[in-house]
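Trainee: My structure file work-v5.cif, mmCIF, C-alpha atoms; chains and numbers go by the auth columns, is below:
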data_input
#
loop_
_atom_site.group_PDB
_atom_site.id
_atom_site.type_symbol
_atom_site.label_atom_id
_atom_site.label_comp_id
_atom_site.label_asym_id
_atom_site.label_seq_id
_atom_site.Cartn_x
_atom_site.Cartn_y
_atom_site.Cartn_z
_atom_site.B_iso_or_equiv
_atom_site.auth_seq_id
_atom_site.auth_asym_id
ATOM 1 C CA MET A 1 15.020 -24.120 0.647 0.00 1 A
ATOM 2 C CA GLU A 2 15.226 -21.661 -2.236 0.00 2 A
ATOM 3 C CA PRO A 3 16.611 -18.227 -1.308 0.00 3 A
ATOM 4 C CA VAL A 4 14.089 -15.418 -0.977 0.00 4 A
ATOM 5 C CA GLU A 5 14.561 -12.633 -3.510 0.00 5 A
ATOM 6 C CA ASP A 6 15.251 -9.123 -2.204 0.00 6 A
ATOM 7 C CA PHE A 7 12.476 -7.551 -4.274 0.00 7 A
ATOM 8 C CA THR A 8 8.984 -8.488 -5.376 0.00 8 A
ATOM 9 C CA LYS A 9 8.739 -8.335 -9.160 0.00 9 A
ATOM 10 C CA ILE A 10 5.407 -7.175 -10.555 0.00 10 A
ATOM 11 C CA GLU A 11 4.621 -8.194 -14.129 0.00 11 A
ATOM 12 C CA SER A 12 2.413 -6.088 -16.381 0.00 12 A
ATOM 13 C CA ILE A 13 0.752 -8.260 -19.045 0.00 13 A
ATOM 14 C CA PHE A 14 -1.755 -7.342 -21.738 0.00 14 A
ATOM 15 C CA VAL A 15 -4.473 -9.944 -22.292 0.00 15 A
ATOM 16 C CA ARG A 16 -5.103 -9.826 -26.010 0.00 16 A
ATOM 17 C CA HIS A 17 -8.638 -10.198 -27.417 0.00 17 A
ATOM 18 C CA ARG A 18 -9.965 -9.470 -23.903 0.00 18 A
ATOM 19 C CA ASN A 19 -8.472 -5.958 -23.790 0.00 19 A
ATOM 20 C CA ALA A 20 -7.471 -6.211 -20.144 0.00 20 A
ATOM 21 C CA LEU A 21 -4.309 -5.464 -18.182 0.00 21 A
ATOM 22 C CA LEU A 22 -3.035 -8.156 -15.812 0.00 22 A
ATOM 23 C CA LEU A 23 -0.733 -7.164 -12.941 0.00 23 A
ATOM 24 C CA ARG A 24 0.659 -9.973 -10.822 0.00 24 A
ATOM 25 C CA GLY A 25 3.405 -10.670 -8.312 0.00 25 A
ATOM 26 C CA GLN A 26 4.624 -12.942 -5.526 0.00 26 A
ATOM 27 C CA PHE A 27 4.814 -10.936 -2.292 0.00 27 A
ATOM 28 C CA THR A 28 6.988 -13.036 0.015 0.00 28 A
ATOM 29 C CA PRO A 29 9.984 -10.642 -0.320 0.00 29 A
ATOM 30 C CA ILE A 30 7.888 -7.616 0.675 0.00 30 A
ATOM 31 C CA TYR A 31 6.253 -9.499 3.537 0.00 31 A
ATOM 32 C CA THR A 32 9.626 -10.777 4.776 0.00 32 A
ATOM 33 C CA ASP A 33 11.002 -7.227 4.935 0.00 33 A
ATOM 34 C CA TYR A 34 7.777 -6.082 6.603 0.00 34 A
ATOM 35 C CA TYR A 35 8.072 -8.639 9.395 0.00 35 A
ATOM 36 C CA LEU A 36 11.761 -7.914 9.892 0.00 36 A
ATOM 37 C CA HIS A 37 10.779 -4.261 10.254 0.00 37 A
ATOM 38 C CA LEU A 38 8.142 -5.122 12.884 0.00 38 A
ATOM 39 C CA MET A 39 10.663 -7.211 14.848 0.00 39 A
ATOM 40 C CA GLN A 40 13.304 -4.479 14.728 0.00 40 A
ATOM 41 C CA HIS A 41 10.941 -1.873 16.163 0.00 41 A
ATOM 42 C CA GLY A 42 8.928 -4.089 18.501 0.00 42 A
ATOM 43 C CA VAL A 43 5.638 -3.525 16.688 0.00 43 A
ATOM 44 C CA ARG A 44 2.998 -6.259 17.063 0.00 44 A
ATOM 45 C CA PRO A 45 -0.307 -5.494 15.348 0.00 45 A
ATOM 46 C CA PRO A 46 -3.294 -7.785 15.992 0.00 46 A
ATOM 47 C CA ALA A 47 -3.536 -10.610 13.457 0.00 47 A
ATOM 48 C CA GLU A 48 -6.648 -9.240 11.733 0.00 48 A
ATOM 49 C CA LEU A 49 -5.159 -5.773 11.265 0.00 49 A
ATOM 50 C CA ASP A 50 -1.817 -7.229 10.220 0.00 50 A
ATOM 51 C CA GLN A 51 -3.501 -9.170 7.400 0.00 51 A
ATOM 52 C CA MET A 52 -5.408 -6.092 6.290 0.00 52 A
ATOM 53 C CA LEU A 53 -2.191 -4.089 6.036 0.00 53 A
ATOM 54 C CA LYS A 54 -0.446 -6.854 4.093 0.00 54 A
ATOM 55 C CA ASP A 55 -3.354 -7.044 1.644 0.00 55 A
ATOM 56 C CA ALA A 56 -3.344 -3.255 1.232 0.00 56 A
ATOM 57 C CA LEU A 57 0.411 -3.299 0.543 0.00 57 A
ATOM 58 C CA ALA A 58 -0.153 -5.883 -2.184 0.00 58 A
ATOM 59 C CA MET A 59 -3.040 -3.977 -3.736 0.00 59 A
ATOM 60 C CA LEU A 60 -1.212 -0.654 -3.863 0.00 60 A
ATOM 61 C CA THR A 61 1.894 -2.293 -5.332 0.00 61 A
ATOM 62 C CA LEU A 62 -0.130 -3.816 -8.162 0.00 62 A
ATOM 63 C CA HIS A 63 -1.952 -0.539 -8.734 0.00 63 A
ATOM 64 C CA LEU A 64 1.335 1.370 -8.952 0.00 64 A
ATOM 65 C CA VAL A 65 2.398 -0.800 -11.881 0.00 65 A
ATOM 66 C CA ALA A 66 -0.887 -0.059 -13.633 0.00 66 A
ATOM 67 C CA ARG A 67 -0.057 3.632 -13.346 0.00 67 A
ATOM 68 C CA PRO A 68 2.739 5.826 -14.833 0.00 68 A
ATOM 69 C CA TRP A 69 6.228 5.525 -13.350 0.00 69 A
ATOM 70 C CA ALA A 70 6.384 9.126 -12.103 0.00 70 A
ATOM 71 C CA GLU A 71 3.562 8.769 -9.559 0.00 71 A
ATOM 72 C CA THR A 72 3.793 8.444 -5.799 0.00 72 A
ATOM 73 C CA ILE A 73 0.529 7.208 -4.327 0.00 73 A
ATOM 74 C CA ALA A 74 -0.755 7.115 -0.757 0.00 74 A
ATOM 75 C CA TRP A 75 -3.930 5.385 0.407 0.00 75 A
ATOM 76 C CA THR A 76 -5.588 5.888 3.792 0.00 76 A
ATOM 77 C CA ALA A 77 -8.621 3.912 4.932 0.00 77 A
ATOM 78 C CA ASN A 78 -10.514 5.341 7.912 0.00 78 A
ATOM 79 C CA LEU A 79 -12.601 2.460 9.250 0.00 79 A
ATOM 80 C CA ARG A 80 -15.449 2.371 11.723 0.00 80 A
ATOM 81 C CA ALA A 81 -15.077 -1.226 12.916 0.00 81 A
ATOM 82 C CA PRO A 82 -12.400 -2.009 13.754 0.00 82 A
ATOM 83 C CA ARG A 83 -11.745 1.660 14.466 0.00 83 A
ATOM 84 C CA MET A 84 -8.457 2.307 12.737 0.00 84 A
ATOM 85 C CA ASN A 85 -6.602 4.151 10.018 0.00 85 A
ATOM 86 C CA LEU A 86 -4.779 1.946 7.550 0.00 86 A
ATOM 87 C CA PHE A 87 -2.053 3.781 5.611 0.00 87 A
ATOM 88 C CA VAL A 88 0.059 2.579 2.670 0.00 88 A
ATOM 89 C CA THR A 89 2.244 4.533 0.252 0.00 89 A
ATOM 90 C CA GLY A 90 4.763 3.812 -2.465 0.00 90 A
ATOM 91 C CA GLY A 91 6.317 4.776 -5.767 0.00 91 A
ATOM 92 C CA SER A 92 7.887 3.024 -8.754 0.00 92 A
ATOM 93 C CA PHE A 93 10.913 5.345 -8.976 0.00 93 A
ATOM 94 C CA ASP A 94 11.867 4.559 -5.369 0.00 94 A
ATOM 95 C CA GLU A 95 11.024 0.862 -5.876 0.00 95 A
ATOM 96 C CA SER A 96 9.508 0.895 -2.403 0.00 96 A
ATOM 97 C CA ILE A 97 6.257 0.382 -0.568 0.00 97 A
ATOM 98 C CA THR A 98 5.551 1.007 3.104 0.00 98 A
ATOM 99 C CA GLY A 99 2.659 1.406 5.498 0.00 99 A
ATOM 100 C CA ARG A 100 1.336 1.173 9.003 0.00 100 A
ATOM 101 C CA ILE A 101 -1.770 0.915 11.166 0.00 101 A
ATOM 102 C CA PHE A 102 -3.111 3.619 13.495 0.00 102 A
ATOM 103 C CA THR A 103 -5.385 2.482 16.330 0.00 103 A
ATOM 104 C CA GLU A 104 -4.956 5.280 18.880 0.00 104 A
ATOM 105 C CA ASP A 105 -6.723 8.645 18.736 0.00 105 A
ATOM 106 C CA VAL A 106 -8.527 7.645 15.545 0.00 106 A
ATOM 107 C CA ARG A 107 -11.660 9.554 14.633 0.00 107 A
ATOM 108 C CA GLU A 108 -14.655 7.231 14.413 0.00 108 A
ATOM 109 C CA PRO A 109 -16.440 7.799 11.093 0.00 109 A
ATOM 110 C CA ASP A 110 -20.091 7.009 10.490 0.00 110 A
ATOM 111 C CA ARG A 111 -18.996 5.054 7.397 0.00 111 A
ATOM 112 C CA ASN A 112 -15.777 3.548 6.039 0.00 112 A
ATOM 113 C CA PHE A 113 -13.871 6.082 3.973 0.00 113 A
ATOM 114 C CA PHE A 114 -11.009 5.569 1.536 0.00 114 A
ATOM 115 C CA TYR A 115 -8.675 8.438 0.629 0.00 115 A
ATOM 116 C CA ALA A 116 -6.222 8.340 -2.292 0.00 116 A
ATOM 117 C CA GLN A 117 -3.519 10.926 -2.929 0.00 117 A
ATOM 118 C CA THR A 118 -1.487 10.840 -6.128 0.00 118 A
ATOM 119 C CA THR A 119 1.588 13.035 -6.585 0.00 119 A
ATOM 120 C CA THR A 120 3.583 13.359 -9.794 0.00 120 A
ATOM 121 C CA VAL A 121 6.955 14.884 -10.570 0.00 121 A
ATOM 122 C CA GLU A 122 5.403 17.354 -12.998 0.00 122 A
ATOM 123 C CA LYS A 123 2.648 18.703 -10.728 0.00 123 A
ATOM 124 C CA SER A 124 3.177 20.277 -7.319 0.00 124 A
ATOM 125 C CA GLU A 125 -0.423 19.797 -6.201 0.00 125 A
ATOM 126 C CA PRO A 126 -1.479 16.198 -5.519 0.00 126 A
ATOM 127 C CA ARG A 127 -4.650 14.715 -6.957 0.00 127 A
ATOM 128 C CA LEU A 128 -7.069 13.707 -4.200 0.00 128 A
ATOM 129 C CA SER A 129 -9.894 11.197 -4.294 0.00 129 A
ATOM 130 C CA THR A 130 -12.341 10.253 -1.532 0.00 130 A
ATOM 131 C CA LEU A 131 -14.921 7.501 -1.552 0.00 131 A
ATOM 132 C CA GLU A 132 -16.984 5.411 0.778 0.00 132 A
ATOM 133 C CA VAL A 133 -16.017 1.729 0.755 0.00 133 A
ATOM 134 C CA ILE A 134 -18.070 -1.266 1.797 0.00 134 A
ATOM 135 C CA GLY A 135 -16.520 -3.921 3.992 0.00 135 A
ATOM 136 C CA LYS A 136 -13.069 -4.181 5.514 0.00 136 A
ATOM 137 C CA ASP A 137 -11.275 -6.280 2.904 0.00 137 A
ATOM 138 C CA PRO A 138 -8.639 -4.246 1.000 0.00 138 A
ATOM 139 C CA ILE A 139 -8.933 -6.647 -1.913 0.00 139 A
ATOM 140 C CA SER A 140 -12.614 -5.824 -2.342 0.00 140 A
ATOM 141 C CA TRP A 141 -11.890 -2.085 -2.076 0.00 141 A
ATOM 142 C CA ILE A 142 -9.966 -2.193 -5.355 0.00 142 A
ATOM 143 C CA SER A 143 -13.048 -2.815 -7.481 0.00 143 A
ATOM 144 C CA GLN A 144 -14.848 -0.015 -5.687 0.00 144 A
ATOM 145 C CA TYR A 145 -11.915 2.359 -6.114 0.00 145 A
ATOM 146 C CA TYR A 146 -11.466 1.634 -9.821 0.00 146 A
ATOM 147 C CA GLU A 147 -15.172 1.972 -10.514 0.00 147 A
ATOM 148 C CA GLN A 148 -15.449 5.355 -8.817 0.00 148 A
ATOM 149 C CA SER A 149 -12.015 6.969 -9.211 0.00 149 A
ATOM 150 C CA GLU A 150 -10.394 5.269 -12.206 0.00 150 A
ATOM 151 C CA GLN A 151 -13.685 5.145 -14.128 0.00 151 A
ATOM 152 C CA ARG A 152 -13.127 1.575 -15.306 0.00 152 A
ATOM 153 C CA PRO A 153 -13.806 -1.903 -13.903 0.00 153 A
ATOM 154 C CA ALA A 154 -11.072 -3.906 -12.176 0.00 154 A
ATOM 155 C CA ARG A 155 -10.908 -7.010 -10.026 0.00 155 A
ATOM 156 C CA ALA A 156 -8.259 -8.203 -7.568 0.00 156 A
ATOM 157 C CA PHE A 157 -7.489 -11.754 -6.474 0.00 157 A
ATOM 158 C CA ARG A 158 -5.576 -13.438 -3.660 0.00 158 A
ATOM 159 C CA LEU A 159 -3.888 -16.537 -5.108 0.00 159 A
ATOM 160 C CA ASP A 160 -1.819 -19.326 -3.560 0.00 160 A
ATOM 161 C CA ASP A 161 1.638 -18.875 -2.026 0.00 161 A
ATOM 162 C CA GLU A 162 1.310 -15.116 -1.353 0.00 162 A
ATOM 163 C CA ASN A 163 0.626 -14.352 -5.011 0.00 163 A
ATOM 164 C CA PHE A 164 -1.805 -11.565 -5.891 0.00 164 A
ATOM 165 C CA ALA A 165 -3.259 -10.372 -9.180 0.00 165 A
ATOM 166 C CA LEU A 166 -5.144 -7.327 -10.405 0.00 166 A
ATOM 167 C CA ILE A 167 -6.998 -7.252 -13.720 0.00 167 A
ATOM 168 C CA ALA A 168 -8.029 -3.818 -14.980 0.00 168 A
ATOM 169 C CA ALA A 169 -10.265 -3.186 -17.969 0.00 169 A
ATOM 170 C CA GLN A 170 -8.867 -1.358 -20.985 0.00 170 A
ATOM 171 C CA PRO A 171 -10.951 0.276 -23.756 0.00 171 A
ATOM 172 C CA GLY A 172 -13.059 -2.390 -25.424 0.00 172 A
ATOM 173 C CA CYS A 173 -12.612 -4.866 -22.568 0.00 173 A
ATOM 174 C CA ASP A 174 -14.633 -8.075 -22.590 0.00 174 A
ATOM 175 C CA LEU A 175 -16.529 -7.197 -19.412 0.00 175 A
ATOM 176 C CA GLU A 176 -18.495 -10.440 -19.318 0.00 176 A
ATOM 177 C CA TRP A 177 -15.214 -12.368 -19.299 0.00 177 A
ATOM 178 C CA LEU A 178 -13.769 -10.068 -16.628 0.00 178 A
ATOM 179 C CA GLU A 179 -16.785 -10.591 -14.389 0.00 179 A
ATOM 180 C CA SER A 180 -16.655 -14.381 -14.829 0.00 180 A
ATOM 181 C CA LEU A 181 -13.072 -14.748 -13.583 0.00 181 A
ATOM 182 C CA ASP A 182 -12.231 -16.578 -10.374 0.00 182 A
ATOM 183 C CA SER A 183 -8.913 -17.225 -8.642 0.00 183 A
ATOM 184 C CA GLU A 184 -8.314 -20.494 -10.470 0.00 184 A
ATOM 185 C CA ALA A 185 -8.896 -18.902 -13.884 0.00 185 A
ATOM 186 C CA VAL A 186 -6.649 -15.947 -13.052 0.00 186 A
ATOM 187 C CA ALA A 187 -3.801 -18.226 -11.943 0.00 187 A
ATOM 188 C CA LYS A 188 -3.869 -19.944 -15.373 0.00 188 A
ATOM 189 C CA ILE A 189 -4.555 -16.890 -17.494 0.00 189 A
ATOM 190 C CA THR A 190 -1.238 -16.909 -19.360 0.00 190 A
ATOM 191 C CA ASP A 191 -1.908 -20.543 -20.314 0.00 191 A
ATOM 192 C CA THR A 192 -5.496 -20.071 -21.433 0.00 192 A
ATOM 193 C CA GLU A 193 -5.364 -16.616 -23.049 0.00 193 A
ATOM 194 C CA GLU A 194 -3.137 -14.938 -25.610 0.00 194 A
ATOM 195 C CA THR A 195 -1.001 -12.498 -23.662 0.00 195 A
ATOM 196 C CA SER A 196 1.794 -10.016 -24.309 0.00 196 A
ATOM 197 C CA PRO A 197 4.284 -9.039 -21.579 0.00 197 A
ATOM 198 C CA LEU A 198 4.573 -5.265 -21.308 0.00 198 A
ATOM 199 C CA GLU A 199 7.007 -4.502 -18.487 0.00 199 A
ATOM 200 C CA SER A 200 8.013 -5.447 -14.980 0.00 200 A
ATOM 201 C CA ARG A 201 8.821 -3.308 -11.955 0.00 201 A
ATOM 202 C CA ARG A 202 10.247 -4.315 -8.606 0.00 202 A
ATOM 203 C CA PHE A 203 9.406 -3.253 -5.057 0.00 203 A
ATOM 204 C CA ARG A 204 10.556 -3.814 -1.489 0.00 204 A
ATOM 205 C CA PHE A 205 9.153 -2.831 1.897 0.00 205 A
ATOM 206 C CA HIS A 206 11.184 0.264 2.727 0.00 206 A
ATOM 207 C CA CYS A 207 10.375 3.646 4.256 0.00 207 A
ATOM 208 C CA GLY A 208 13.683 5.518 4.309 0.00 208 A
ATOM 209 C CA CYS A 209 12.948 7.272 7.590 0.00 209 A
ATOM 210 C CA SER A 210 15.701 8.103 10.089 0.00 210 A
ATOM 211 C CA ILE A 211 16.142 10.063 13.284 0.00 211 A
ATOM 212 C CA GLU A 212 17.890 12.775 11.225 0.00 212 A
ATOM 213 C CA LYS A 213 14.759 13.205 9.097 0.00 213 A
ATOM 214 C CA ILE A 214 12.403 13.197 12.078 0.00 214 A
ATOM 215 C CA LEU A 215 14.245 15.705 14.293 0.00 215 A
ATOM 216 C CA PRO A 216 13.543 18.784 12.102 0.00 216 A
ATOM 217 C CA VAL A 217 9.826 18.164 12.612 0.00 217 A
ATOM 218 C CA LEU A 218 10.383 18.730 16.350 0.00 218 A
ATOM 219 C CA GLY A 219 12.294 21.975 15.845 0.00 219 A
ATOM 220 C CA GLY A 220 9.330 24.040 16.998 0.00 220 A
ATOM 221 C CA TRP A 221 9.721 22.587 20.496 0.00 221 A
ATOM 222 C CA LYS A 222 13.293 23.830 20.917 0.00 222 A
ATOM 223 C CA GLU A 223 12.232 26.866 22.968 0.00 223 A
ATOM 224 C CA LYS A 224 9.700 24.940 25.068 0.00 224 A
ATOM 225 C CA PRO A 225 11.164 21.486 25.756 0.00 225 A
ATOM 226 C CA GLU A 226 9.144 21.049 28.956 0.00 226 A
ATOM 227 C CA ALA A 227 5.925 20.993 26.944 0.00 227 A
ATOM 228 C CA LEU A 228 7.335 18.136 24.885 0.00 228 A
ATOM 229 C CA PHE A 229 9.289 16.131 27.451 0.00 229 A
ATOM 230 C CA GLU A 230 7.464 17.124 30.670 0.00 230 A
ATOM 231 C CA SER A 231 9.634 15.528 33.375 0.00 231 A
ATOM 232 C CA ALA A 232 11.182 12.835 31.167 0.00 232 A
ATOM 233 C CA GLU A 233 14.696 12.937 29.743 0.00 233 A
ATOM 234 C CA SER A 234 13.621 11.256 26.530 0.00 234 A
ATOM 235 C CA ILE A 235 10.499 10.450 24.512 0.00 235 A
ATOM 236 C CA ASN A 236 9.607 7.825 21.939 0.00 236 A
ATOM 237 C CA ILE A 237 8.636 8.987 18.452 0.00 237 A
ATOM 238 C CA GLN A 238 7.015 6.844 15.767 0.00 238 A
ATOM 239 C CA CYS A 239 7.441 7.388 12.051 0.00 239 A
ATOM 240 C CA PRO A 240 4.029 8.336 10.625 0.00 240 A
ATOM 241 C CA ARG A 241 4.679 6.242 7.504 0.00 241 A
ATOM 242 C CA CYS A 242 5.974 2.928 8.866 0.00 242 A
ATOM 243 C CA ALA A 243 5.648 3.053 12.705 0.00 243 A
ATOM 244 C CA ALA A 244 9.423 2.785 13.230 0.00 244 A
ATOM 245 C CA LYS A 245 10.309 3.809 16.787 0.00 245 A
ATOM 246 C CA TYR A 246 12.994 6.359 17.665 0.00 246 A
ATOM 247 C CA VAL A 247 14.195 7.666 21.026 0.00 247 A
ATOM 248 C CA VAL A 248 14.583 11.448 21.182 0.00 248 A
ATOM 249 C CA THR A 249 16.493 13.028 24.082 0.00 249 A
ATOM 250 C CA ARG A 250 16.464 16.628 25.241 0.00 250 A
ATOM 251 C CA ASP A 251 19.913 17.372 23.842 0.00 251 A
ATOM 252 C CA MET A 252 18.786 16.297 20.350 0.00 252 A
ATOM 253 C CA ILE A 253 16.242 19.109 20.077 0.00 253 A
#
For this file, produce the structure as structure tokens.
Mentor:
Amino acid sequence: MEPVEDFTKIESIFVRHRNALLLRGQFTPIYTDYYLHLMQHGVRPPAELDQMLKDALAMLTLHLVARPWAETIAWTANLRAPRMNLFVTGGSFDESITGRIFTEDVREPDRNFFYAQTTTVEKSEPRLSTLEVIGKDPISWISQYYEQSEQRPARAFRLDDENFALIAAQPGCDLEWLESLDSEAVAKITDTEETSPLESRRFRFHCGCSIEKILPVLGGWKEKPEALFESAESINIQCPRCAAKYVVTRDMI
């Protein structure tokens, strides 16, 4: 067996004469780290939700490479059925992507909503975008998101062997060609089209959370520990970004 790389490398490729940007990568390294993370913290999402999160991780990773380096992006999908919040976030500078699923105490919307938050180093206020999405497939959400928020067409594809691709229109794009693409054509695009490599970035599944970072959030309970612990000597806390589990005792507060 060939060794699994530590990072997923995402290639950014310009498709000449079609005026389109191709982003592609093989996601086994990210998925391997993701499953090791689930095992470490005893998290077992249902198979359907697990696949949705994996697809969302892939889509955000590809989108990050289509965007400037200095951006940190977070996506949250609030779904009606199954009732859940799906959260993914990442950034190119940190070379990391992470996410989790919320199924408890989730507000039931009357439609499926998708929220995007983009933060840059230069601006203190994040840019927010909200849209209604159709369906529960994160891969299909990308076209809807690009059409409404990026103001340009894009299509995403699930390929063989945990490969994914995103093709985003650039000015003067051959839209008829873009619309005609299928998974087989996308997999062969560097053989059938004239292309120019632009750059590559790498990512891993990593949150960076720790008990030291979580404890300050609980500082407000220092004067009223009974309200937090009730009769227990310890409580379990989950990271809001990756669902990692931490045990917090009274003497830690």
Trainee: Evaluate the PyMOL selection byres ((chain A and resi 71-76) around 7) on the structure here and hand back the selected residues as a list in words.
Mentor: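 Listing what the PyMOL selection byres ((chain A and resi 71-76) around 7) selects in the shown file: Pro68, Trp69, Ala70, Ala77, Asn78, Asn85, Leu86, Phe87, Val88, Thr89, Gly90, Gly91, Phe114, Tyr115, Ala116, Gln117, Thr118, Thr119 and Thr120 of chain A.
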Trainee: Can you check which parts of range 26-70 of chain A lie within 7 Å of range 127-150 of chain A? Per residue, the shortest pair of atoms and distance in Å to one decimal, counting all atoms listed in the file, sorted by chain and number, as JSON lines.
Mentor:
{"residue": "A:Met52", "atom": "CA", "partner": "A:Pro138", "partner_atom": "CA", "distance": 6.5}
{"residue": "A:Asp55", "atom": "CA", "partner": "A:Pro138", "partner_atom": "CA", "distance": 6.0}
{"residue": "A:Ala56", "atom": "CA", "partner": "A:Pro138", "partner_atom": "CA", "distance": 5.4}
{"residue": "A:Met59", "atom": "CA", "partner": "A:Ile139", "partner_atom": "CA", "distance": 6.7}
Trainee: Could you produce a table of the residues of range 10-44 of chain A lying within 12 Å of range 227-241 of chain A, with the nearest pair of atoms per residue and their separation in Å rounded to one decimal, using all atoms listed in the file, ordered by chain and increasing residue number, as JSON lines?
Mentor:
{"residue": "A:His41", "atom": "CA", "partner": "A:Gln238", "partner_atom": "CA", "distance": 9.6}
{"residue": "A:Gly42", "atom": "CA", "partner": "A:Gln238", "partner_atom": "CA", "distance": 11.4}
{"residue": "A:Val43", "atom": "CA", "partner": "A:Gln238", "partner_atom": "CA", "distance": 10.5}
Trainee: In Å, how far is it from CA of Arg24 in chain A to CA of Ile167 in chain A?
Mentor: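 About the pair CA of Arg24 in chain A and CA of Ile167 in chain A: they are 8.6 Å apart.
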Trainee: Please list as JSON, numbers by chain every residue within 6 Å of range 18-22 of chain A, counting all atoms listed in the file and excluding residues in the same chain fewer than 3 positions away.
Mentor: {"A": [12, 13, 14, 15, 166, 167, 168, 169, 170, 173, 174]}
Trainee: Excluding same-chain residues fewer than 2 positions from Ile101 in chain A, what lies within 8 Å of it counting all atoms listed in the file, as a PDB file with C-alpha atoms, in the coordinates of the input?
Mentor:
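Resulting contents of result-v6.pdb:
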ATOM      1  CA  PRO A  45      -0.307  -5.494  15.348  1.00  0.00           C
ATOM      2  CA  LEU A  49      -5.159  -5.773  11.265  1.00  0.00           C
ATOM      3  CA  LEU A  53      -2.191  -4.089   6.036  1.00  0.00           C
ATOM      4  CA  MET A  84      -8.457   2.307  12.737  1.00  0.00           C
ATOM      5  CA  ASN A  85      -6.602   4.151  10.018  1.00  0.00           C
ATOM      6  CA  LEU A  86      -4.779   1.946   7.550  1.00  0.00           C
ATOM      7  CA  PHE A  87      -2.053   3.781   5.611  1.00  0.00           C
ATOM      8  CA  GLY A  99       2.659   1.406   5.498  1.00  0.00           C
ATOM      9  CA  THR A 103      -5.385   2.482  16.330  1.00  0.00           C
ATOM     10  CA  ALA A 243       5.648   3.053  12.705  1.00  0.00           C
TER      11      ALA A 243
END
Trainee: I'd like to know which of A:Ile253, A:Val106, A:Val247, A:Leu215 is closest to Arg80 in chain A, using all atoms listed in the file.
Mentor: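 Closest to Arg80 in chain A, using all atoms listed in the file: A:Val106.
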Trainee: The PyMOL selection byres ((chain A and resi 218) around 12) on the file shown: which residues, as a PyMOL selection string?
Mentor: chain A and resi 211-217+219-225+227-229+235+237+248-250+252-253
Trainee: Produce a file of the selected residues containing C-alpha atoms, as an mmCIF file, in the coordinates of the input.
Mentor:
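Saved result, part10.cif, follows:
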data_model
loop_
_atom_site.group_PDB
_atom_site.id
_atom_site.type_symbol
_atom_site.label_atom_id
_atom_site.label_comp_id
_atom_site.auth_asym_id
_atom_site.auth_seq_id
_atom_site.Cartn_x
_atom_site.Cartn_y
_atom_site.Cartn_z
ATOM 1 C CA ILE A 211 16.142 10.063 13.284
ATOM 2 C CA GLU A 212 17.890 12.775 11.225
ATOM 3 C CA LYS A 213 14.759 13.205 9.097
ATOM 4 C CA ILE A 214 12.403 13.197 12.078
ATOM 5 C CA LEU A 215 14.245 15.705 14.293
ATOM 6 C CA PRO A 216 13.543 18.784 12.102
ATOM 7 C CA VAL A 217 9.826 18.164 12.612
ATOM 8 C CA GLY A 219 12.294 21.975 15.845
ATOM 9 C CA GLY A 220 9.330 24.040 16.998
ATOM 10 C CA TRP A 221 9.721 22.587 20.496
ATOM 11 C CA LYS A 222 13.293 23.830 20.917
ATOM 12 C CA GLU A 223 12.232 26.866 22.968
ATOM 13 C CA LYS A 224 9.700 24.940 25.068
ATOM 14 C CA PRO A 225 11.164 21.486 25.756
ATOM 15 C CA ALA A 227 5.925 20.993 26.944
ATOM 16 C CA LEU A 228 7.335 18.136 24.885
ATOM 17 C CA PHE A 229 9.289 16.131 27.451
ATOM 18 C CA ILE A 235 10.499 10.450 24.512
ATOM 19 C CA ILE A 237 8.636 8.987 18.452
ATOM 20 C CA VAL A 248 14.583 11.448 21.182
ATOM 21 C CA THR A 249 16.493 13.028 24.082
ATOM 22 C CA ARG A 250 16.464 16.628 25.241
ATOM 23 C CA MET A 252 18.786 16.297 20.350
ATOM 24 C CA ILE A 253 16.242 19.109 20.077
#
Trainee: Could you jot down the CA of His206 in chain A to CA of Phe164 in chain A separation for me, Å, one decimal place?
Mentor: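 Computing it gives 19.6 Å between the two atoms.
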Trainee: Distance CA of Pro171 in chain A-CA of Thr192 in chain A, one decimal place?
Mentor: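 Separating CA of Pro171 in chain A from CA of Thr192 in chain A is a distance of 21.2 Å.
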Trainee: Go through A:Gly25, A:Arg201, A:Arg111, A:Ser124 and flag the residue nearest Phe93 in chain A, using only C-alpha atoms for the distances.
Mentor: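 Checking each candidate against Phe93 in chain A, we get A:Arg201 as the closest.
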Trainee: Which of these, A:His63, A:Glu199, A:Leu36, A:Glu125, has the shortest distance to Ala156 in chain A once you count all atoms listed in the file?
Mentor: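 When distances to Ala156 in chain A are compared using all atoms listed in the file, the smallest one comes from A:His63.
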Trainee: Return as JSON the centre and edge lengths, in Å with one decimal, of the box along x, y and z that encloses every atom of range 222-233 of chain A in the file, padded by 5 Å per side.
Mentor:
{"center_x": 10.3, "center_y": 19.9, "center_z": 27.1, "size_x": 18.8, "size_y": 24.0, "size_z": 22.5}
Trainee: If you count only C-alpha atoms, which residues fall within 7 Å of Glu95 in chain A, apart from same-chain ones fewer than 4 positions away, as a ChimeraX atom specification?
Mentor: /A:91,202-204
Trainee: Take the residues just selected and output them with C-alpha atoms as a PDB file, in the frame of the given file.
Mentor:
ATOM      1  CA  GLY A  91       6.317   4.776  -5.767  1.00  0.00           C
ATOM      2  CA  ARG A 202      10.247  -4.315  -8.606  1.00  0.00           C
ATOM      3  CA  PHE A 203       9.406  -3.253  -5.057  1.00  0.00           C
ATOM      4  CA  ARG A 204      10.556  -3.814  -1.489  1.00  0.00           C
TER       5      ARG A 204
END
